[in-house]
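Enquirer: Mind looking over this structure? Questions follow.
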Amino acid sequence: MAATIRDIKNRTGLSLATISKYLNGGNVLPQNKALIEEAIEALHYEVNELARGLVTNKTRIVGVLVYDIECLFVGKMLHHLGLQLHKRGYGMLICDSCNDEKLEEKNLQFLMNRKVDGIIVLAVSLNSAFLQPAKEAGIPIVLLDRAFRDEEYDCVKIDNRTAAFRAVRELIRNNHRKIGMIGSKVEYTGLEREKGFREAMNEAGLDVRDEYLRMGKHSFELGYRGMKELLELPEPPTAVFMGNYETTLGGIMAVNESSNSCPEDISLIGFDDLVMTGVVQPKMWIVVQPMKQMCEKAVDMLLNRISREEEGPALCISFSARLRKGDSIRMLQKNGKIAQKNC
């Protein structure tokens, strides 16, 4: 038979009130804490989380609402979130919105019905209306990887505009003038990265040529199709910035299937240092997001809101991304001819 709180009482001689206070996260005297922990270990006592939740009105479960669980970036973020929540004694309930705003609304209601203590959101929607029921219910919310246009919530992201600006500036520094982009025109990250692309081009006095833009929704298919179309142009770009991990993979595959080679014929710079970008040859120039640190900060912010250690207006933490050097960019002469490889 499983041990009960009364078994702990009998073993320690402490009151039920003291033991219950400890089990529910309260402070007890150090000597009492030691006695209770010794009894829990000896008796193999396991907390009835459902019963504790009824008493404390806390489930110690965090809901995580993601836009697409098939996305490798999302999977990596879930890995880091899970580790951080586990360290803090919380479980994680994941809902996949499958890039569907209507499903995202239903998933939010599902998490609310499960009485989660807080919600971390990697959103499909660009607007915050779907989160209003949780906000009105007082459920803490932290946005991860993106923000909203219309209302401020606690948020952890990177400076997407600056990250893209630096990536494109690296191409320009290597004398590329005919630069293309493959990215998203419908997602927060894609929209911000396009702004950075345009700012770098404008700063250098370069035209953003419509025929060099392949914009849709971040995906492997967009990267593959977009790169094939760019390479088939009568006057193709000499370099392409790819706006996320999936588009980067698709673009690389399209180059590999063509008669072109990287960096001899086309220079490439991509986004997100995940599995395949470390395997493909040549080694890619990549924008690297601090994914682990972003998830740590998101969990800290949410749990501080849950415990009411942090109150007041919404906070937005914006991390910097870094450029990882590779061999996928070729230095051009000012007349557009290849000069030397930039390693």
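Chain identifiers are assigned as A, B, and so on, following the order in which chains appear in the structure tokens; residues are numbered from 1 within each chain, and ligands are numbered from 1 in order of appearance.
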Based on the backbone DSSP call, show me all residues of range 97-307 of chain A assigned strand (DSSP E), as a PDB file with C-alpha atoms, in the first residue's frame.
Expert:
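Listing of part_14.pdb after writing:
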```
ATOM      1  CA  GLY A 118       0.749  29.385 -16.886  1.00  0.00           C
ATOM      2  CA  ILE A 119       1.231  29.224 -20.645  1.00  0.00           C
ATOM      3  CA  ILE A 120       4.266  29.649 -22.905  1.00  0.00           C
ATOM      4  CA  VAL A 121       3.205  30.546 -26.436  1.00  0.00           C
ATOM      5  CA  ILE A 141       1.442  34.085 -20.344  1.00  0.00           C
ATOM      6  CA  VAL A 142       4.907  34.413 -21.884  1.00  0.00           C
ATOM      7  CA  LEU A 143       5.464  34.666 -25.629  1.00  0.00           C
ATOM      8  CA  LEU A 144       8.543  32.893 -26.977  1.00  0.00           C
ATOM      9  CA  ASP A 154       5.745  39.144 -21.530  1.00  0.00           C
ATOM     10  CA  CYS A 155       8.009  38.114 -24.368  1.00  0.00           C
ATOM     11  CA  VAL A 156      11.385  36.461 -25.050  1.00  0.00           C
ATOM     12  CA  LYS A 157      12.773  36.637 -28.574  1.00  0.00           C
ATOM     13  CA  ILE A 158      15.815  37.627 -30.597  1.00  0.00           C
ATOM     14  CA  ILE A 179      21.399  39.459 -53.354  1.00  0.00           C
ATOM     15  CA  GLY A 180      18.228  37.411 -53.024  1.00  0.00           C
ATOM     16  CA  MET A 181      16.125  36.425 -50.037  1.00  0.00           C
ATOM     17  CA  ILE A 182      13.913  33.426 -49.340  1.00  0.00           C
ATOM     18  CA  GLY A 183      11.669  34.013 -46.337  1.00  0.00           C
ATOM     19  CA  SER A 184       8.230  34.454 -44.833  1.00  0.00           C
ATOM     20  CA  LEU A 213      12.627  37.785 -53.528  1.00  0.00           C
ATOM     21  CA  ARG A 214      10.877  34.478 -52.878  1.00  0.00           C
ATOM     22  CA  MET A 215       8.493  35.125 -49.992  1.00  0.00           C
ATOM     23  CA  GLY A 216       5.776  32.804 -48.667  1.00  0.00           C
ATOM     24  CA  ALA A 239      24.149  35.363 -53.045  1.00  0.00           C
ATOM     25  CA  VAL A 240      20.984  34.391 -51.161  1.00  0.00           C
ATOM     26  CA  PHE A 241      19.921  34.961 -47.557  1.00  0.00           C
ATOM     27  CA  MET A 242      17.557  32.218 -46.328  1.00  0.00           C
ATOM     28  CA  SER A 267      26.969  32.211 -51.942  1.00  0.00           C
ATOM     29  CA  LEU A 268      24.562  31.238 -49.157  1.00  0.00           C
ATOM     30  CA  ILE A 269      23.830  32.316 -45.598  1.00  0.00           C
ATOM     31  CA  GLY A 270      21.093  30.659 -43.535  1.00  0.00           C
ATOM     32  CA  PHE A 271      19.336  30.715 -40.183  1.00  0.00           C
ATOM     33  CA  TRP A 285      27.472  30.665 -42.658  1.00  0.00           C
ATOM     34  CA  ILE A 286      24.569  30.625 -40.178  1.00  0.00           C
ATOM     35  CA  VAL A 287      22.679  33.008 -37.917  1.00  0.00           C
ATOM     36  CA  VAL A 288      22.702  31.266 -34.522  1.00  0.00           C
TER      37      VAL A 288
END
```
Enquirer: Write out as a PyMOL selection string all residues of range 135-327 of chain A that DSSP puts in helix (DSSP H, G or I) for this structure's backbone.
Expert: chain A and resi 135-136+160-173+188-203+210-212+220-231+245-257+275-278+291-306
Enquirer: Report, in Å with one decimal, the straight-line distance from CA of Gly89 in chain A to CA of Ala314 in chain A.
Expert: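 These two atoms are separated by 24.7 Å.
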Enquirer: List the neighbours of Glu232 in chain A out to 12 Å using only C-alpha atoms; skip same-chain residues closer than 3 positions along the sequence, and give me the result as a PyMOL selection string.
Expert: chain A and resi 211-212+225-229+235-237+254-255+258-260
Enquirer: Mind dumping the selected residues with all heavy atoms as a tab-separated table (two decimals), in the first residue's frame?
Expert:
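In the end it all went to result-v5.tsv:
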```tsv
chain	number	residue	atom	x	y	z
A	211	GLU	N	12.51	40.39	-58.39
A	211	GLU	CA	12.73	39.05	-58.95
A	211	GLU	C	13.67	38.21	-58.09
A	211	GLU	O	13.76	36.99	-58.27
A	211	GLU	CB	13.26	39.13	-60.39
A	211	GLU	CG	14.65	39.71	-60.55
A	211	GLU	CD	14.65	41.21	-60.79
A	211	GLU	OE1	13.72	41.89	-60.31
A	211	GLU	OE2	15.59	41.69	-61.44
A	212	TYR	N	14.36	38.87	-57.15
A	212	TYR	CA	15.27	38.15	-56.25
A	212	TYR	C	14.62	37.79	-54.92
A	212	TYR	O	15.29	37.26	-54.02
A	212	TYR	CB	16.53	38.96	-55.99
A	212	TYR	CG	17.48	39.06	-57.16
A	212	TYR	CD1	18.54	39.96	-57.14
A	212	TYR	CD2	17.33	38.25	-58.30
A	212	TYR	CE1	19.42	40.07	-58.22
A	212	TYR	CE2	18.20	38.35	-59.37
A	212	TYR	CZ	19.24	39.26	-59.32
A	212	TYR	OH	20.10	39.36	-60.39
A	225	ARG	N	11.81	25.38	-53.66
A	225	ARG	CA	11.21	25.96	-54.87
A	225	ARG	C	11.80	27.34	-55.15
A	225	ARG	O	12.12	27.69	-56.28
A	225	ARG	CB	9.70	26.05	-54.70
A	225	ARG	CG	8.98	26.57	-55.94
A	225	ARG	CD	7.48	26.71	-55.70
A	225	ARG	NE	7.17	27.78	-54.77
A	225	ARG	CZ	6.75	27.60	-53.53
A	225	ARG	NH1	6.58	26.37	-53.06
A	225	ARG	NH2	6.49	28.63	-52.73
A	226	GLY	N	11.94	28.14	-54.08
A	226	GLY	CA	12.46	29.49	-54.24
A	226	GLY	C	13.87	29.50	-54.80
A	226	GLY	O	14.20	30.29	-55.69
A	227	MET	N	14.73	28.61	-54.30
A	227	MET	CA	16.11	28.58	-54.78
A	227	MET	C	16.17	28.11	-56.23
A	227	MET	O	16.94	28.66	-57.04
A	227	MET	CB	16.95	27.67	-53.88
A	227	MET	CG	18.43	27.67	-54.22
A	227	MET	SD	19.23	29.29	-54.00
A	227	MET	CE	19.29	29.36	-52.21
A	228	LYS	N	15.38	27.11	-56.58
A	228	LYS	CA	15.36	26.65	-57.96
A	228	LYS	C	14.97	27.78	-58.91
A	228	LYS	O	15.58	27.96	-59.98
A	228	LYS	CB	14.39	25.47	-58.12
A	228	LYS	CG	14.92	24.15	-57.58
A	228	LYS	CD	13.95	23.01	-57.82
A	228	LYS	CE	13.91	22.61	-59.28
A	228	LYS	NZ	15.15	21.91	-59.68
A	229	GLU	N	13.96	28.54	-58.52
A	229	GLU	CA	13.51	29.65	-59.36
A	229	GLU	C	14.59	30.72	-59.49
A	229	GLU	O	14.80	31.29	-60.57
A	229	GLU	CB	12.22	30.24	-58.80
A	229	GLU	CG	11.02	29.30	-58.91
A	229	GLU	CD	9.80	29.84	-58.19
A	229	GLU	OE1	9.89	30.91	-57.54
A	229	GLU	OE2	8.73	29.19	-58.27
A	235	GLU	N	19.49	36.24	-65.12
A	235	GLU	CA	20.58	36.86	-64.37
A	235	GLU	C	20.37	36.55	-62.89
A	235	GLU	O	19.80	37.35	-62.13
A	235	GLU	CB	20.58	38.38	-64.59
A	235	GLU	CG	21.76	39.08	-63.95
A	235	GLU	CD	21.68	40.60	-64.09
A	235	GLU	OE1	20.84	41.08	-64.89
A	235	GLU	OE2	22.44	41.29	-63.39
A	236	PRO	N	20.80	35.37	-62.43
A	236	PRO	CA	20.53	34.96	-61.04
A	236	PRO	C	21.33	35.79	-60.05
A	236	PRO	O	22.34	36.41	-60.40
A	236	PRO	CB	20.98	33.50	-61.01
A	236	PRO	CG	21.99	33.40	-62.09
A	236	PRO	CD	21.55	34.35	-63.17
A	237	PRO	N	20.88	35.82	-58.79
A	237	PRO	CA	21.67	36.50	-57.76
A	237	PRO	C	22.99	35.77	-57.54
A	237	PRO	O	23.11	34.57	-57.83
A	237	PRO	CB	20.77	36.43	-56.53
A	237	PRO	CG	19.89	35.25	-56.77
A	237	PRO	CD	19.67	35.20	-58.25
A	254	ALA	N	18.21	22.39	-53.25
A	254	ALA	CA	18.02	22.88	-54.62
A	254	ALA	C	19.36	23.17	-55.29
A	254	ALA	O	19.56	22.85	-56.47
A	254	ALA	CB	17.13	24.11	-54.62
A	255	VAL	N	20.29	23.77	-54.56
A	255	VAL	CA	21.62	24.03	-55.12
A	255	VAL	C	22.33	22.72	-55.44
A	255	VAL	O	22.94	22.56	-56.50
A	255	VAL	CB	22.46	24.88	-54.14
A	255	VAL	CG1	23.91	24.99	-54.63
A	255	VAL	CG2	21.87	26.28	-54.00
A	258	SER	N	21.25	21.17	-58.62
A	258	SER	CA	21.47	21.97	-59.82
A	258	SER	C	22.90	21.76	-60.34
A	258	SER	O	23.70	21.04	-59.75
A	258	SER	CB	21.23	23.45	-59.51
A	258	SER	OG	22.30	23.97	-58.74
A	259	SER	N	23.21	22.46	-61.42
A	259	SER	CA	24.58	22.42	-61.96
A	259	SER	C	25.46	23.45	-61.28
A	259	SER	O	26.63	23.59	-61.63
A	259	SER	CB	24.55	22.68	-63.47
A	259	SER	OG	23.96	23.95	-63.74
A	260	ASN	N	24.90	24.18	-60.31
A	260	ASN	CA	25.65	25.20	-59.59
A	260	ASN	C	26.30	24.60	-58.34
A	260	ASN	O	25.83	23.60	-57.80
A	260	ASN	CB	24.73	26.34	-59.17
A	260	ASN	CG	24.10	27.05	-60.34
A	260	ASN	OD1	24.73	27.92	-60.95
A	260	ASN	ND2	22.87	26.68	-60.69
```
Enquirer: Give me, please, the distance in Å between CA of Pro313 in chain A and CA of Tyr153 in chain A, quoted to one decimal.
Expert: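 Between CA of Pro313 in chain A and CA of Tyr153 in chain A the gap is 8.4 Å.
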Enquirer: Set the distance at 7 Å and use only C-alpha atoms: which residues neighbour Val116 in chain A once local chain neighbours fewer than 3 positions away are removed? I'd like the list as a PDB file with all heavy atoms, in the first residue's frame.
Expert:
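File produced: around12.pdb:
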```pdb
ATOM      1  N   THR A  59      -1.527  23.405 -10.234  1.00  0.00           N
ATOM      2  CA  THR A  59      -1.318  22.057 -10.774  1.00  0.00           C
ATOM      3  C   THR A  59       0.151  21.739 -10.997  1.00  0.00           C
ATOM      4  O   THR A  59       0.500  20.594 -11.232  1.00  0.00           O
ATOM      5  CB  THR A  59      -2.045  21.906 -12.117  1.00  0.00           C
ATOM      6  OG1 THR A  59      -1.520  22.873 -13.054  1.00  0.00           O
ATOM      7  CG2 THR A  59      -3.541  22.121 -11.959  1.00  0.00           C
ATOM      8  N   ILE A  61       1.695  22.462 -13.562  1.00  0.00           N
ATOM      9  CA  ILE A  61       1.766  22.120 -14.985  1.00  0.00           C
ATOM     10  C   ILE A  61       1.743  23.422 -15.785  1.00  0.00           C
ATOM     11  O   ILE A  61       0.926  24.308 -15.535  1.00  0.00           O
ATOM     12  CB  ILE A  61       0.596  21.227 -15.423  1.00  0.00           C
ATOM     13  CG1 ILE A  61       0.648  19.873 -14.706  1.00  0.00           C
ATOM     14  CG2 ILE A  61       0.608  21.017 -16.946  1.00  0.00           C
ATOM     15  CD1 ILE A  61      -0.546  19.000 -14.976  1.00  0.00           C
ATOM     16  N   VAL A  62       2.650  23.529 -16.733  1.00  0.00           N
ATOM     17  CA  VAL A  62       2.706  24.677 -17.641  1.00  0.00           C
ATOM     18  C   VAL A  62       2.274  24.218 -19.024  1.00  0.00           C
ATOM     19  O   VAL A  62       2.760  23.204 -19.542  1.00  0.00           O
ATOM     20  CB  VAL A  62       4.133  25.270 -17.689  1.00  0.00           C
ATOM     21  CG1 VAL A  62       4.292  26.230 -18.871  1.00  0.00           C
ATOM     22  CG2 VAL A  62       4.446  25.985 -16.375  1.00  0.00           C
ATOM     23  N   GLY A  63       1.344  24.953 -19.608  1.00  0.00           N
ATOM     24  CA  GLY A  63       0.945  24.674 -20.979  1.00  0.00           C
ATOM     25  C   GLY A  63       1.915  25.323 -21.949  1.00  0.00           C
ATOM     26  O   GLY A  63       2.388  26.438 -21.723  1.00  0.00           O
ATOM     27  N   LEU A 111      -6.054  24.069 -22.717  1.00  0.00           N
ATOM     28  CA  LEU A 111      -5.092  24.281 -21.632  1.00  0.00           C
ATOM     29  C   LEU A 111      -5.754  24.951 -20.431  1.00  0.00           C
ATOM     30  O   LEU A 111      -5.463  24.596 -19.281  1.00  0.00           O
ATOM     31  CB  LEU A 111      -3.923  25.127 -22.127  1.00  0.00           C
ATOM     32  CG  LEU A 111      -3.006  24.469 -23.161  1.00  0.00           C
ATOM     33  CD1 LEU A 111      -1.972  25.459 -23.667  1.00  0.00           C
ATOM     34  CD2 LEU A 111      -2.329  23.230 -22.584  1.00  0.00           C
ATOM     35  N   MET A 112      -6.643  25.892 -20.688  1.00  0.00           N
ATOM     36  CA  MET A 112      -7.357  26.543 -19.591  1.00  0.00           C
ATOM     37  C   MET A 112      -8.229  25.543 -18.844  1.00  0.00           C
ATOM     38  O   MET A 112      -8.292  25.560 -17.607  1.00  0.00           O
ATOM     39  CB  MET A 112      -8.208  27.690 -20.122  1.00  0.00           C
ATOM     40  CG  MET A 112      -7.409  28.872 -20.645  1.00  0.00           C
ATOM     41  SD  MET A 112      -8.466  30.184 -21.314  1.00  0.00           S
ATOM     42  CE  MET A 112      -9.368  30.677 -19.830  1.00  0.00           C
TER      43      MET A 112
END
```
Enquirer: So that I can see what lies close to Lys76 in chain A, please list as a list in words the residues with an atom at most 9 Å from it, counting only C-alpha atoms and leaving out residues fewer than 3 positions away in the same chain.
Expert: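 Neighbouring residues, sequence-local ones excluded: Cys71, Leu72, Phe73, His79, His80, Leu81, Leu274, Met291 and Lys292 of chain A.
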Enquirer: Measuring between only C-alpha atoms, which one of A:Arg330, A:Lys195, A:Arg146, A:Lys33 shows the shortest distance to Ala298 in chain A?
Expert: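 For Ala298 in chain A, the nearest of the candidates is A:Arg146.
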Enquirer: Tell me which protein, DNA and RNA residues are within 7 Å of Phe165 in chain A, counting only C-alpha atoms, leaving out same-chain ones fewer than 4 positions away, and put them as an MDAnalysis selection string.
Expert: chainID A and resid 161 169 196:197 199:200
Enquirer: Point out the residue among A:Asn113, A:Asn256, A:Thr189, A:Asn107 with the least atom-to-atom distance to Leu65 in chain A, counting only C-alpha atoms.
Expert: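 Result for the nearest residue to Leu65 in chain A: A:Asn107.
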Enquirer: Neighbours of Glu151 in chain A within 12 Å (only C-alpha atoms; same-chain residues fewer than 4 positions away dropped), as JSON, numbers by chain?
Expert: {"A": [126, 127, 128, 129, 130, 131, 132, 135, 143, 147, 155, 313, 314, 315, 316]}
Enquirer: Could you save the residues just selected, with N, CA, C and O atoms, as a PDB file, in the first residue's frame?
Expert:
```pdb
ATOM      1  N   LEU A 126      -0.537  36.621 -35.571  1.00  0.00           N
ATOM      2  CA  LEU A 126       0.210  37.857 -35.395  1.00  0.00           C
ATOM      3  C   LEU A 126      -0.470  38.794 -34.402  1.00  0.00           C
ATOM      4  O   LEU A 126       0.118  39.783 -33.977  1.00  0.00           O
ATOM      5  N   ASN A 127      -1.709  38.480 -34.041  1.00  0.00           N
ATOM      6  CA  ASN A 127      -2.493  39.318 -33.135  1.00  0.00           C
ATOM      7  C   ASN A 127      -2.862  38.530 -31.880  1.00  0.00           C
ATOM      8  O   ASN A 127      -2.957  37.300 -31.896  1.00  0.00           O
ATOM      9  N   SER A 128      -3.113  39.263 -30.807  1.00  0.00           N
ATOM     10  CA  SER A 128      -3.234  38.646 -29.490  1.00  0.00           C
ATOM     11  C   SER A 128      -4.657  38.277 -29.077  1.00  0.00           C
ATOM     12  O   SER A 128      -4.851  37.742 -27.990  1.00  0.00           O
ATOM     13  N   ALA A 129      -5.650  38.522 -29.921  1.00  0.00           N
ATOM     14  CA  ALA A 129      -7.048  38.372 -29.505  1.00  0.00           C
ATOM     15  C   ALA A 129      -7.347  36.985 -28.935  1.00  0.00           C
ATOM     16  O   ALA A 129      -8.113  36.849 -27.980  1.00  0.00           O
ATOM     17  N   PHE A 130      -6.735  35.954 -29.494  1.00  0.00           N
ATOM     18  CA  PHE A 130      -7.053  34.586 -29.056  1.00  0.00           C
ATOM     19  C   PHE A 130      -6.622  34.323 -27.615  1.00  0.00           C
ATOM     20  O   PHE A 130      -7.120  33.397 -26.969  1.00  0.00           O
ATOM     21  N   LEU A 131      -5.713  35.148 -27.078  1.00  0.00           N
ATOM     22  CA  LEU A 131      -5.231  34.955 -25.704  1.00  0.00           C
ATOM     23  C   LEU A 131      -6.082  35.685 -24.666  1.00  0.00           C
ATOM     24  O   LEU A 131      -5.856  35.525 -23.464  1.00  0.00           O
ATOM     25  N   GLN A 132      -7.051  36.456 -25.110  1.00  0.00           N
ATOM     26  CA  GLN A 132      -7.848  37.267 -24.198  1.00  0.00           C
ATOM     27  C   GLN A 132      -8.529  36.459 -23.098  1.00  0.00           C
ATOM     28  O   GLN A 132      -8.538  36.878 -21.929  1.00  0.00           O
ATOM     29  N   LYS A 135      -5.998  35.749 -20.431  1.00  0.00           N
ATOM     30  CA  LYS A 135      -5.626  36.995 -19.756  1.00  0.00           C
ATOM     31  C   LYS A 135      -6.696  37.390 -18.755  1.00  0.00           C
ATOM     32  O   LYS A 135      -6.388  37.769 -17.614  1.00  0.00           O
ATOM     33  N   LEU A 143       5.233  34.953 -24.216  1.00  0.00           N
ATOM     34  CA  LEU A 143       5.464  34.666 -25.629  1.00  0.00           C
ATOM     35  C   LEU A 143       6.927  34.305 -25.831  1.00  0.00           C
ATOM     36  O   LEU A 143       7.813  34.906 -25.218  1.00  0.00           O
ATOM     37  N   ALA A 147       6.542  38.209 -31.096  1.00  0.00           N
ATOM     38  CA  ALA A 147       5.704  39.142 -30.360  1.00  0.00           C
ATOM     39  C   ALA A 147       4.440  39.402 -31.166  1.00  0.00           C
ATOM     40  O   ALA A 147       4.276  38.881 -32.270  1.00  0.00           O
ATOM     41  N   CYS A 155       7.510  38.645 -23.108  1.00  0.00           N
ATOM     42  CA  CYS A 155       8.009  38.114 -24.368  1.00  0.00           C
ATOM     43  C   CYS A 155       9.511  37.866 -24.293  1.00  0.00           C
ATOM     44  O   CYS A 155      10.250  38.671 -23.718  1.00  0.00           O
ATOM     45  N   PRO A 313       3.951  45.878 -15.480  1.00  0.00           N
ATOM     46  CA  PRO A 313       3.724  45.832 -16.930  1.00  0.00           C
ATOM     47  C   PRO A 313       4.501  44.711 -17.613  1.00  0.00           C
ATOM     48  O   PRO A 313       5.440  44.147 -17.041  1.00  0.00           O
ATOM     49  N   ALA A 314       4.099  44.421 -18.848  1.00  0.00           N
ATOM     50  CA  ALA A 314       4.742  43.360 -19.622  1.00  0.00           C
ATOM     51  C   ALA A 314       6.218  43.671 -19.848  1.00  0.00           C
ATOM     52  O   ALA A 314       6.622  44.830 -20.038  1.00  0.00           O
ATOM     53  N   LEU A 315       7.027  42.612 -19.828  1.00  0.00           N
ATOM     54  CA  LEU A 315       8.461  42.725 -20.066  1.00  0.00           C
ATOM     55  C   LEU A 315       8.798  42.059 -21.394  1.00  0.00           C
ATOM     56  O   LEU A 315       8.254  41.001 -21.724  1.00  0.00           O
ATOM     57  N   CYS A 316       9.716  42.644 -22.136  1.00  0.00           N
ATOM     58  CA  CYS A 316      10.174  42.035 -23.386  1.00  0.00           C
ATOM     59  C   CYS A 316      11.692  41.920 -23.353  1.00  0.00           C
ATOM     60  O   CYS A 316      12.387  42.930 -23.242  1.00  0.00           O
TER      61      CYS A 316
END
```
